[in-house]
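Here the structure is laid out as structure tokens; the discussion comes afterwards.
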Amino acid sequence: MAAGVAAWLPFARAAAIGWMPVANCPMPIAPRDHTKRHDELIILNVSGRRFQTWRTTLDRYPDTLLGSSEKQFFYDEETKEYFFDRDPDSFRSILNFYRTGKLHYPRYECISAYDEELTFFGIIPEIIGDCCYEEYKDRKRENAERLQDDQDDNKDCKLPNMTYRETMWRAFENPHTSTMALVFYYVTGFFIAISVLTNVIETVPCGATPSQKDMPCGERYTVAFFCMDTACVLIFTIEYLMRLFAAPSRYQFMRSVMSIIDVVAIFPYYIGLVMTDNEDVSGAFVTLRVFRVFRIFKFSRHSQGLRILGYTLKSCASELGFLLFSLTMAIIIFATVMFYAEKGSSSTKFTSIPASFWYTIVTMTTLGYGDMVPKTIAGKIFGSICSLSGVLVIALPVPVIVSNFSRIYHQNQRADKRRAQKVQKARLARIRIAQAGSSCTGFLQSKRNDLLNDLLELTGSDDEELLLSKSMSLLESQHHHLLHCLEKTTAHEFMDEQLYEQNCLETTVQSYTSRSPSLSSQDTPIGTCCTRRVKRSSPLPNSSMPLQPSHQHGPLQELSALRIQCGDKLPPTTSRSSLNMKTDEVGLFNCKGGQITTAIISIPTPHSATPDGDGLHGPPQRRPPPPPTGPAAASISTTASSTVFKVSAL
Amino acid sequence: MHARTHTHTHTHTLNQSQTQTLCVAVNMGLVMGTFSMQSNKQDRTYRKDKIDDDFELSIVCHRPEGLDKLEAQTNFSKQELQVLYRGFKNECPSGVVNEDTFKQIYAQFFPHGDASTYAHYLFNAFDSAHSGSIKFEGFIMALSTLLRGSVREKLTWTFNLYDINKDGYINKEEMTDIVRAIYDMMGKYTYPALKTDTPKQHVDAFFQKMDKNRDGVVTLDEFILSCQEDENIMRSLQLFKNVI
């Protein structure tokens, strides 16, 4: 229950009067506030600065230091105040959390100091409000990474027990880890550069010899260039194979961009080797040589900036797409307009709309080659509009891409924000776990205690209930009482989700056992809810076990799921059975008096099948944890969170 | 003459292509213009509404009457009123509770099921003036009736809660709605599992008990009389005396 609405609990309880005429059962007794105290001011002295607040404000969050009895350790008898030797500035935000229910993270605060304060006062950081949570997480991540970097710099040694393959992979990915890796890195870089250079120089016309006309160097010194090419491709192939060998996941490596570039870079050479002097495909072969230029992309392994550029373009895909789309639209529009405008003039270059595309592109990007110019007045007008709009259309998405690039570049050293999704889920899970006490299951768990309390009450001892209910705060007990009243009104009980599913399962797998005679004869005069509960058991096929003493269940008998049900509060007829009950028995409640129907377990072990007529077995047979020593066919499954005790035999 | 006709045809063709381009341009312009105008207007109206809404919300602020006056009108002591008001103001700094906040607050207490329907009926019962929001005075008056009022007052309040259309009679449909809303608060995971006609059976039992003259509706007098005859109800009405 959110403690922020604790103030409304009296209202909710008062509103419960609306249920009363509808209910058919008597309501449980309300928990009493024995320490009837007026709301008092508490003084919190934090390193000399005094904060004051109401006690109820602090009681809102009973699972923190200030809300629980832990603050008693800091109580100073003489000055009647609570003294904490902590930072008063940080304490401001912590106290505001109690007041407003929202925890804020002040920006000027150091992240580790803030974390320490939170831990001291028992507040989990996950409940920081959404307004400040992003900031908090960012700062925390930065801090963690800074610490991590420091640690990494310190430990430069080789990790022990790394296989040869792992060392190789590490050398490839981080060239500065060892000298060999560095050498390899530079050698490959050198050969990439050589390869690119030869590709370029191949096409330059070398000096003309007297015998031949001017021809490119590539055709003049064919052998030299061929040797150079072979050497480079050899190096690249060896490098690729080594990387493939060292990769931890070969399939993933083969799919990565860099490896594809490697393959594309060396492929044309091998294809060229295979098909030499074949006139038909030599044209295609020449085209393949173009792919040799991809070798330049291999440099991206050597350059961080190139990688970031590629990543930026990938992440700005939407902006680029928008740019492309708007450009296409504008090109088509203006090309159409220019075509029709220039249609009239003679010997015009604007022969068709696609032919006008070239003019539009050149004009919009403000290149203006001048190979196509409009001659008519209308054409000139629209041409000028085209060039003006081109500036705008192109200039708009570019700053976005630029800012993206700079942002990614700065972030490149930091961890991925893609983990934010998982962190969000983990954060919610942590909050849920930390507040497990006040969640739904808290109520179900406390129902056992409540019932124990009730039984104690009915035996006439009002004071003893204090002992058991003191473990819960007053607020919680009142809330649970409210939920209990709801249960009574509707004559149904809350249940755990898992139990509910079990229930559904078991109602379908039943075997009938004979009805106990005492069951049918029971008709308690108390409210209908009680009989209803008893009656509920009857339509269910898994009724209680027969009570006749004559029934002795052999070990081989199959039992269906059984239930022990107890009647509810009844006029106290003190029987020995009730007095025998021990208070520490979890999940067990005795039904008092002979008027109550009890379904009694007869576990199929010979020594325990002795049902009584009116009472109950001694505790050992129904204690949850130790399973019966009988045949393995029986398995007791009990769930402490339900008031219904179930035994299911396989 | 020949030259003139030549020029004449020349100008004629020029006019044709020119009109063509002009048509295209005008079309384009129209289209662009209407687009921009529409979006502009939409933007403006949307922004205006939003700003107006925010402005409206911020100026609603209610202060209750003086403490002495409230103490005279209700059965609470000064301290109790102070505690109640502090809690109220904490949750609703503007001094009024609207229905959504009310439903949210009430739902916090019943995490298992859906408390919104019942909260809606409760809200209508609290908001006797049907203004759409509950002020502190209304809140405190209802609480005073519920916690410190006489039996008759409590039962009258409950009758008003059940009487959804406030016509002075509770008929079966109204009661079924109320009972179903109560059962909704239980949620799905109950023991025993809720059947679809459980509320109906409950309502039938209720009418059996309350409707004395069997005319299908329950009037206030019948209601009070029947409740006074039932021990359980009488006892449970006194249950929340010491809630504050």
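FYI, nothing fancy with the structure tokens labels: chains A, B, ... in order, residues from 1 per chain, ligands from 1 as they appear.
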
- [ ] Could you list the residues in chain B lying within 6 Å of chain A, using only C-alpha atoms, and format the result as a ChimeraX atom specification?
- [x] /B:14,21,87,146,158,189-191,232-233,243

Write out as a PDB file with N, CA and C atoms, in the first residue's frame which residues come within 12 Å of Phe206 (chain B) when counting only C-alpha atoms, dropping same-chain ones fewer than 6 positions away.
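Output below, filename result29.pdb:
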```pdb
ATOM      1  N   TRP A  19     -20.771  -1.649   2.893  1.00  0.00           N
ATOM      2  CA  TRP A  19     -20.901  -3.077   2.608  1.00  0.00           C
ATOM      3  C   TRP A  19     -21.764  -3.802   3.627  1.00  0.00           C
ATOM      4  N   MET A  20     -21.910  -3.196   4.763  1.00  0.00           N
ATOM      5  CA  MET A  20     -22.464  -3.947   5.901  1.00  0.00           C
ATOM      6  C   MET A  20     -23.843  -4.532   5.641  1.00  0.00           C
ATOM      7  N   PRO A  21     -24.777  -3.749   5.093  1.00  0.00           N
ATOM      8  CA  PRO A  21     -26.098  -4.357   4.895  1.00  0.00           C
ATOM      9  C   PRO A  21     -26.081  -5.475   3.872  1.00  0.00           C
ATOM     10  N   VAL A  22     -25.076  -5.475   3.017  1.00  0.00           N
ATOM     11  CA  VAL A  22     -25.031  -6.505   1.986  1.00  0.00           C
ATOM     12  C   VAL A  22     -24.457  -7.798   2.540  1.00  0.00           C
ATOM     13  N   ALA A  23     -23.638  -7.635   3.566  1.00  0.00           N
ATOM     14  CA  ALA A  23     -22.954  -8.824   4.070  1.00  0.00           C
ATOM     15  C   ALA A  23     -23.902  -9.675   4.878  1.00  0.00           C
ATOM     16  N   ASN A  24     -23.617 -10.952   4.898  1.00  0.00           N
ATOM     17  CA  ASN A  24     -24.455 -11.866   5.672  1.00  0.00           C
ATOM     18  C   ASN A  24     -23.737 -12.427   6.871  1.00  0.00           C
ATOM     19  N   THR A 489     -17.887  -9.808   3.449  1.00  0.00           N
ATOM     20  CA  THR A 489     -19.074  -9.305   2.767  1.00  0.00           C
ATOM     21  C   THR A 489     -19.424 -10.188   1.583  1.00  0.00           C
TER      22      THR A 489
ATOM     23  N   ILE B 170     -34.624   1.546  -3.976  1.00  0.00           N
ATOM     24  CA  ILE B 170     -33.562   0.678  -4.476  1.00  0.00           C
ATOM     25  C   ILE B 170     -34.233  -0.452  -5.227  1.00  0.00           C
ATOM     26  N   ASN B 171     -33.965  -0.518  -6.515  1.00  0.00           N
ATOM     27  CA  ASN B 171     -34.518  -1.673  -7.237  1.00  0.00           C
ATOM     28  C   ASN B 171     -33.407  -2.687  -7.500  1.00  0.00           C
ATOM     29  N   LYS B 172     -33.828  -3.785  -8.099  1.00  0.00           N
ATOM     30  CA  LYS B 172     -32.887  -4.906  -8.198  1.00  0.00           C
ATOM     31  C   LYS B 172     -31.684  -4.561  -9.057  1.00  0.00           C
ATOM     32  N   MET B 175     -29.173  -2.578  -7.087  1.00  0.00           N
ATOM     33  CA  MET B 175     -28.504  -3.412  -6.092  1.00  0.00           C
ATOM     34  C   MET B 175     -27.533  -4.360  -6.760  1.00  0.00           C
ATOM     35  N   THR B 176     -27.936  -4.886  -7.908  1.00  0.00           N
ATOM     36  CA  THR B 176     -27.020  -5.792  -8.612  1.00  0.00           C
ATOM     37  C   THR B 176     -25.744  -5.055  -9.008  1.00  0.00           C
ATOM     38  N   ILE B 178     -24.389  -2.528  -7.510  1.00  0.00           N
ATOM     39  CA  ILE B 178     -23.570  -2.301  -6.316  1.00  0.00           C
ATOM     40  C   ILE B 178     -22.869  -3.591  -5.914  1.00  0.00           C
ATOM     41  N   VAL B 179     -23.631  -4.649  -5.884  1.00  0.00           N
ATOM     42  CA  VAL B 179     -23.035  -5.909  -5.419  1.00  0.00           C
ATOM     43  C   VAL B 179     -21.950  -6.368  -6.390  1.00  0.00           C
ATOM     44  N   PRO B 199     -23.211 -12.683  -7.749  1.00  0.00           N
ATOM     45  CA  PRO B 199     -23.821 -11.425  -7.325  1.00  0.00           C
ATOM     46  C   PRO B 199     -25.339 -11.490  -7.354  1.00  0.00           C
ATOM     47  N   LYS B 200     -25.869 -12.143  -8.364  1.00  0.00           N
ATOM     48  CA  LYS B 200     -27.321 -12.182  -8.481  1.00  0.00           C
ATOM     49  C   LYS B 200     -27.926 -12.914  -7.279  1.00  0.00           C
ATOM     50  N   LYS B 212     -39.912  -5.916   2.387  1.00  0.00           N
ATOM     51  CA  LYS B 212     -40.935  -6.489   3.250  1.00  0.00           C
ATOM     52  C   LYS B 212     -42.237  -6.715   2.507  1.00  0.00           C
ATOM     53  N   GLY B 216     -40.758  -5.383  -5.005  1.00  0.00           N
ATOM     54  CA  GLY B 216     -39.640  -5.311  -5.943  1.00  0.00           C
ATOM     55  C   GLY B 216     -38.682  -4.168  -5.693  1.00  0.00           C
ATOM     56  N   VAL B 217     -39.061  -3.230  -4.833  1.00  0.00           N
ATOM     57  CA  VAL B 217     -38.144  -2.144  -4.492  1.00  0.00           C
ATOM     58  C   VAL B 217     -38.056  -2.050  -2.977  1.00  0.00           C
ATOM     59  N   VAL B 218     -36.972  -1.482  -2.560  1.00  0.00           N
ATOM     60  CA  VAL B 218     -36.750  -1.286  -1.132  1.00  0.00           C
ATOM     61  C   VAL B 218     -36.789   0.208  -0.853  1.00  0.00           C
ATOM     62  N   PHE B 223     -35.737  -0.462   4.491  1.00  0.00           N
ATOM     63  CA  PHE B 223     -34.303  -0.713   4.660  1.00  0.00           C
ATOM     64  C   PHE B 223     -33.906  -0.568   6.122  1.00  0.00           C
ATOM     65  N   SER B 226     -35.425  -3.330   8.313  1.00  0.00           N
ATOM     66  CA  SER B 226     -34.806  -4.644   8.160  1.00  0.00           C
ATOM     67  C   SER B 226     -33.418  -4.677   8.773  1.00  0.00           C
ATOM     68  N   CYS B 227     -32.696  -3.567   8.591  1.00  0.00           N
ATOM     69  CA  CYS B 227     -31.341  -3.571   9.154  1.00  0.00           C
ATOM     70  C   CYS B 227     -31.386  -3.610  10.668  1.00  0.00           C
ATOM     71  N   ASP B 230     -31.598  -6.995  12.080  1.00  0.00           N
ATOM     72  CA  ASP B 230     -30.477  -7.930  11.892  1.00  0.00           C
ATOM     73  C   ASP B 230     -29.354  -7.595  12.863  1.00  0.00           C
TER      74      ASP B 230
END
```

Open item on the list: For a test of reading the model, state the distance in Å between CA of Asp114 (chain B) and CA of Asp184 (chain B), rounded to one decimal.
Closed with: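 Computing it gives 5.5 Å between the two atoms.
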
Open item on the list: as a PyMOL selection string, please: every residue in region 176-390 of chain A that a backbone DSSP assignment puts in helix (DSSP H, G or I).
Closed with: chain A and resi 176-177+179-202+217-220+222-246+250-255+257-274+279-301+304-315+317-342+353-364+377-390

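For the pair CA of Val391 (chain A) and CA of Ser352 (chain A), the interatomic distance is 24.6 Å.
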
Task: Between CA of Ala129 (chain B) and CA of Asp167 (chain B), distance in Å (one decimal) - done: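 We find that CA of Ala129 (chain B) and CA of Asp167 (chain B) lie 15.0 Å from each other.
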
Task: strand (DSSP E or B) residues, from DSSP on the backbone, in region 104-205 of chain B, as a ChimeraX atom specification - done: /B:133-135,169-171,190-191

TODO: Identify, on the basis of only C-alpha atoms, every residue whose closest approach to Pro205 (chain A) does not exceed 8 Å; exclude the query and any residue fewer than 2 positions from it along the same chain; express the result as a ChimeraX atom specification.
DONE: /A:203,207,214-217

Could you save the residues just selected, with C-alpha atoms, as a short mmCIF file (atom, residue, chain, number, x, y, z; two decimals), in the first residue's frame?
```cif
data_model
loop_
_atom_site.label_atom_id
_atom_site.label_comp_id
_atom_site.auth_asym_id
_atom_site.auth_seq_id
_atom_site.Cartn_x
_atom_site.Cartn_y
_atom_site.Cartn_z
CA THR A 203 45.37 3.75 -64.32
CA GLY A 207 55.41 8.04 -70.06
CA ASP A 214 50.45 6.56 -74.19
CA MET A 215 49.09 3.80 -72.06
CA PRO A 216 48.35 3.34 -68.42
CA CYS A 217 51.11 2.00 -66.22
#
```

Open item on the list: I'd like the contact shell of Leu81 (chain B) - 8 Å cut-off, only C-alpha atoms, skipping same-chain residues fewer than 4 positions apart - returned as a list in words.
Closed with: Leu67, Glu71, Phe76, Ser77 and Tyr85 of chain B

10 Å contact set for Asp177 (chain B), only C-alpha atoms, chain neighbours under 5 positions out, as a PDB file with all heavy atoms, in the first residue's frame:
```
ATOM      1  N   THR B 117     -15.414   0.796 -10.068  1.00  0.00           N
ATOM      2  CA  THR B 117     -16.867   0.939 -10.115  1.00  0.00           C
ATOM      3  C   THR B 117     -17.417   1.340  -8.754  1.00  0.00           C
ATOM      4  O   THR B 117     -18.208   2.282  -8.636  1.00  0.00           O
ATOM      5  CB  THR B 117     -17.525  -0.392 -10.529  1.00  0.00           C
ATOM      6  OG1 THR B 117     -16.613  -1.145 -11.306  1.00  0.00           O
ATOM      7  CG2 THR B 117     -18.790  -0.148 -11.309  1.00  0.00           C
ATOM      8  N   TYR B 118     -16.961   0.631  -7.737  1.00  0.00           N
ATOM      9  CA  TYR B 118     -17.451   0.954  -6.404  1.00  0.00           C
ATOM     10  C   TYR B 118     -17.028   2.355  -6.004  1.00  0.00           C
ATOM     11  O   TYR B 118     -17.780   3.087  -5.369  1.00  0.00           O
ATOM     12  CB  TYR B 118     -16.933  -0.072  -5.390  1.00  0.00           C
ATOM     13  CG  TYR B 118     -17.561   0.075  -4.034  1.00  0.00           C
ATOM     14  CD1 TYR B 118     -18.902  -0.234  -3.834  1.00  0.00           C
ATOM     15  CD2 TYR B 118     -16.830   0.544  -2.954  1.00  0.00           C
ATOM     16  CE1 TYR B 118     -19.480  -0.084  -2.609  1.00  0.00           C
ATOM     17  CE2 TYR B 118     -17.415   0.693  -1.724  1.00  0.00           C
ATOM     18  CZ  TYR B 118     -18.739   0.378  -1.556  1.00  0.00           C
ATOM     19  OH  TYR B 118     -19.317   0.531  -0.326  1.00  0.00           O
ATOM     20  N   TYR B 121     -19.437   4.841  -7.361  1.00  0.00           N
ATOM     21  CA  TYR B 121     -20.668   4.989  -6.570  1.00  0.00           C
ATOM     22  C   TYR B 121     -20.397   5.738  -5.278  1.00  0.00           C
ATOM     23  O   TYR B 121     -21.192   6.571  -4.827  1.00  0.00           O
ATOM     24  CB  TYR B 121     -21.272   3.617  -6.280  1.00  0.00           C
ATOM     25  CG  TYR B 121     -21.727   2.894  -7.506  1.00  0.00           C
ATOM     26  CD1 TYR B 121     -21.408   1.558  -7.717  1.00  0.00           C
ATOM     27  CD2 TYR B 121     -22.469   3.530  -8.490  1.00  0.00           C
ATOM     28  CE1 TYR B 121     -21.820   0.889  -8.844  1.00  0.00           C
ATOM     29  CE2 TYR B 121     -22.873   2.870  -9.623  1.00  0.00           C
ATOM     30  CZ  TYR B 121     -22.546   1.553  -9.798  1.00  0.00           C
ATOM     31  OH  TYR B 121     -22.943   0.897 -10.918  1.00  0.00           O
ATOM     32  N   TYR B 162     -26.718   3.145  -2.080  1.00  0.00           N
ATOM     33  CA  TYR B 162     -27.266   2.095  -2.927  1.00  0.00           C
ATOM     34  C   TYR B 162     -28.200   2.658  -3.985  1.00  0.00           C
ATOM     35  O   TYR B 162     -28.324   2.109  -5.069  1.00  0.00           O
ATOM     36  CB  TYR B 162     -28.023   1.071  -2.086  1.00  0.00           C
ATOM     37  CG  TYR B 162     -27.152   0.282  -1.145  1.00  0.00           C
ATOM     38  CD1 TYR B 162     -27.712  -0.389  -0.062  1.00  0.00           C
ATOM     39  CD2 TYR B 162     -25.785   0.191  -1.318  1.00  0.00           C
ATOM     40  CE1 TYR B 162     -26.932  -1.123   0.802  1.00  0.00           C
ATOM     41  CE2 TYR B 162     -24.997  -0.522  -0.455  1.00  0.00           C
ATOM     42  CZ  TYR B 162     -25.586  -1.189   0.607  1.00  0.00           C
ATOM     43  OH  TYR B 162     -24.820  -1.911   1.458  1.00  0.00           O
ATOM     44  N   ILE B 164     -28.763   4.489  -6.686  1.00  0.00           N
ATOM     45  CA  ILE B 164     -27.854   5.117  -7.642  1.00  0.00           C
ATOM     46  C   ILE B 164     -28.523   6.304  -8.332  1.00  0.00           C
ATOM     47  O   ILE B 164     -27.910   7.352  -8.509  1.00  0.00           O
ATOM     48  CB  ILE B 164     -27.394   4.087  -8.688  1.00  0.00           C
ATOM     49  CG1 ILE B 164     -26.625   2.977  -7.976  1.00  0.00           C
ATOM     50  CG2 ILE B 164     -26.512   4.737  -9.731  1.00  0.00           C
ATOM     51  CD1 ILE B 164     -26.183   1.873  -8.890  1.00  0.00           C
ATOM     52  N   LYS B 172     -33.828  -3.785  -8.099  1.00  0.00           N
ATOM     53  CA  LYS B 172     -32.887  -4.906  -8.198  1.00  0.00           C
ATOM     54  C   LYS B 172     -31.684  -4.561  -9.057  1.00  0.00           C
ATOM     55  O   LYS B 172     -30.577  -4.998  -8.777  1.00  0.00           O
ATOM     56  CB  LYS B 172     -33.616  -6.133  -8.763  1.00  0.00           C
ATOM     57  CG  LYS B 172     -34.266  -6.973  -7.712  1.00  0.00           C
ATOM     58  CD  LYS B 172     -34.255  -8.450  -8.057  1.00  0.00           C
ATOM     59  CE  LYS B 172     -34.704  -9.234  -6.831  1.00  0.00           C
ATOM     60  NZ  LYS B 172     -35.382 -10.446  -7.117  1.00  0.00           N
ATOM     61  N   ILE B 182     -18.874  -4.527  -5.705  1.00  0.00           N
ATOM     62  CA  ILE B 182     -18.169  -5.032  -4.523  1.00  0.00           C
ATOM     63  C   ILE B 182     -17.410  -6.300  -4.874  1.00  0.00           C
ATOM     64  O   ILE B 182     -16.265  -6.496  -4.458  1.00  0.00           O
ATOM     65  CB  ILE B 182     -19.172  -5.284  -3.372  1.00  0.00           C
ATOM     66  CG1 ILE B 182     -19.796  -3.973  -2.922  1.00  0.00           C
ATOM     67  CG2 ILE B 182     -18.465  -5.943  -2.195  1.00  0.00           C
ATOM     68  CD1 ILE B 182     -20.782  -4.124  -1.790  1.00  0.00           C
ATOM     69  N   TYR B 183     -18.063  -7.160  -5.644  1.00  0.00           N
ATOM     70  CA  TYR B 183     -17.373  -8.392  -6.010  1.00  0.00           C
ATOM     71  C   TYR B 183     -16.194  -8.118  -6.928  1.00  0.00           C
ATOM     72  O   TYR B 183     -15.206  -8.848  -6.897  1.00  0.00           O
ATOM     73  CB  TYR B 183     -18.343  -9.371  -6.681  1.00  0.00           C
ATOM     74  CG  TYR B 183     -19.093 -10.232  -5.706  1.00  0.00           C
ATOM     75  CD1 TYR B 183     -20.317  -9.840  -5.201  1.00  0.00           C
ATOM     76  CD2 TYR B 183     -18.553 -11.431  -5.265  1.00  0.00           C
ATOM     77  CE1 TYR B 183     -20.993 -10.632  -4.302  1.00  0.00           C
ATOM     78  CE2 TYR B 183     -19.226 -12.223  -4.363  1.00  0.00           C
ATOM     79  CZ  TYR B 183     -20.454 -11.822  -3.886  1.00  0.00           C
ATOM     80  OH  TYR B 183     -21.127 -12.602  -2.991  1.00  0.00           O
ATOM     81  N   PRO B 199     -23.211 -12.683  -7.749  1.00  0.00           N
ATOM     82  CA  PRO B 199     -23.821 -11.425  -7.325  1.00  0.00           C
ATOM     83  C   PRO B 199     -25.339 -11.490  -7.354  1.00  0.00           C
ATOM     84  O   PRO B 199     -26.008 -10.961  -6.460  1.00  0.00           O
ATOM     85  CB  PRO B 199     -23.288 -10.416  -8.357  1.00  0.00           C
ATOM     86  CG  PRO B 199     -22.052 -11.002  -8.895  1.00  0.00           C
ATOM     87  CD  PRO B 199     -22.284 -12.476  -8.884  1.00  0.00           C
ATOM     88  N   LYS B 200     -25.869 -12.143  -8.364  1.00  0.00           N
ATOM     89  CA  LYS B 200     -27.321 -12.182  -8.481  1.00  0.00           C
ATOM     90  C   LYS B 200     -27.926 -12.914  -7.279  1.00  0.00           C
ATOM     91  O   LYS B 200     -28.924 -12.470  -6.696  1.00  0.00           O
ATOM     92  CB  LYS B 200     -27.700 -12.876  -9.789  1.00  0.00           C
ATOM     93  CG  LYS B 200     -29.169 -12.737 -10.110  1.00  0.00           C
ATOM     94  CD  LYS B 200     -29.482 -13.289 -11.490  1.00  0.00           C
ATOM     95  CE  LYS B 200     -30.991 -13.329 -11.705  1.00  0.00           C
ATOM     96  NZ  LYS B 200     -31.693 -14.019 -10.629  1.00  0.00           N
ATOM     97  N   VAL B 203     -27.891 -10.692  -4.385  1.00  0.00           N
ATOM     98  CA  VAL B 203     -28.923  -9.660  -4.433  1.00  0.00           C
ATOM     99  C   VAL B 203     -30.277 -10.258  -4.080  1.00  0.00           C
ATOM    100  O   VAL B 203     -31.087  -9.638  -3.383  1.00  0.00           O
ATOM    101  CB  VAL B 203     -28.939  -9.019  -5.838  1.00  0.00           C
ATOM    102  CG1 VAL B 203     -30.154  -8.130  -5.995  1.00  0.00           C
ATOM    103  CG2 VAL B 203     -27.690  -8.219  -6.062  1.00  0.00           C
TER     104      VAL B 203
END
```
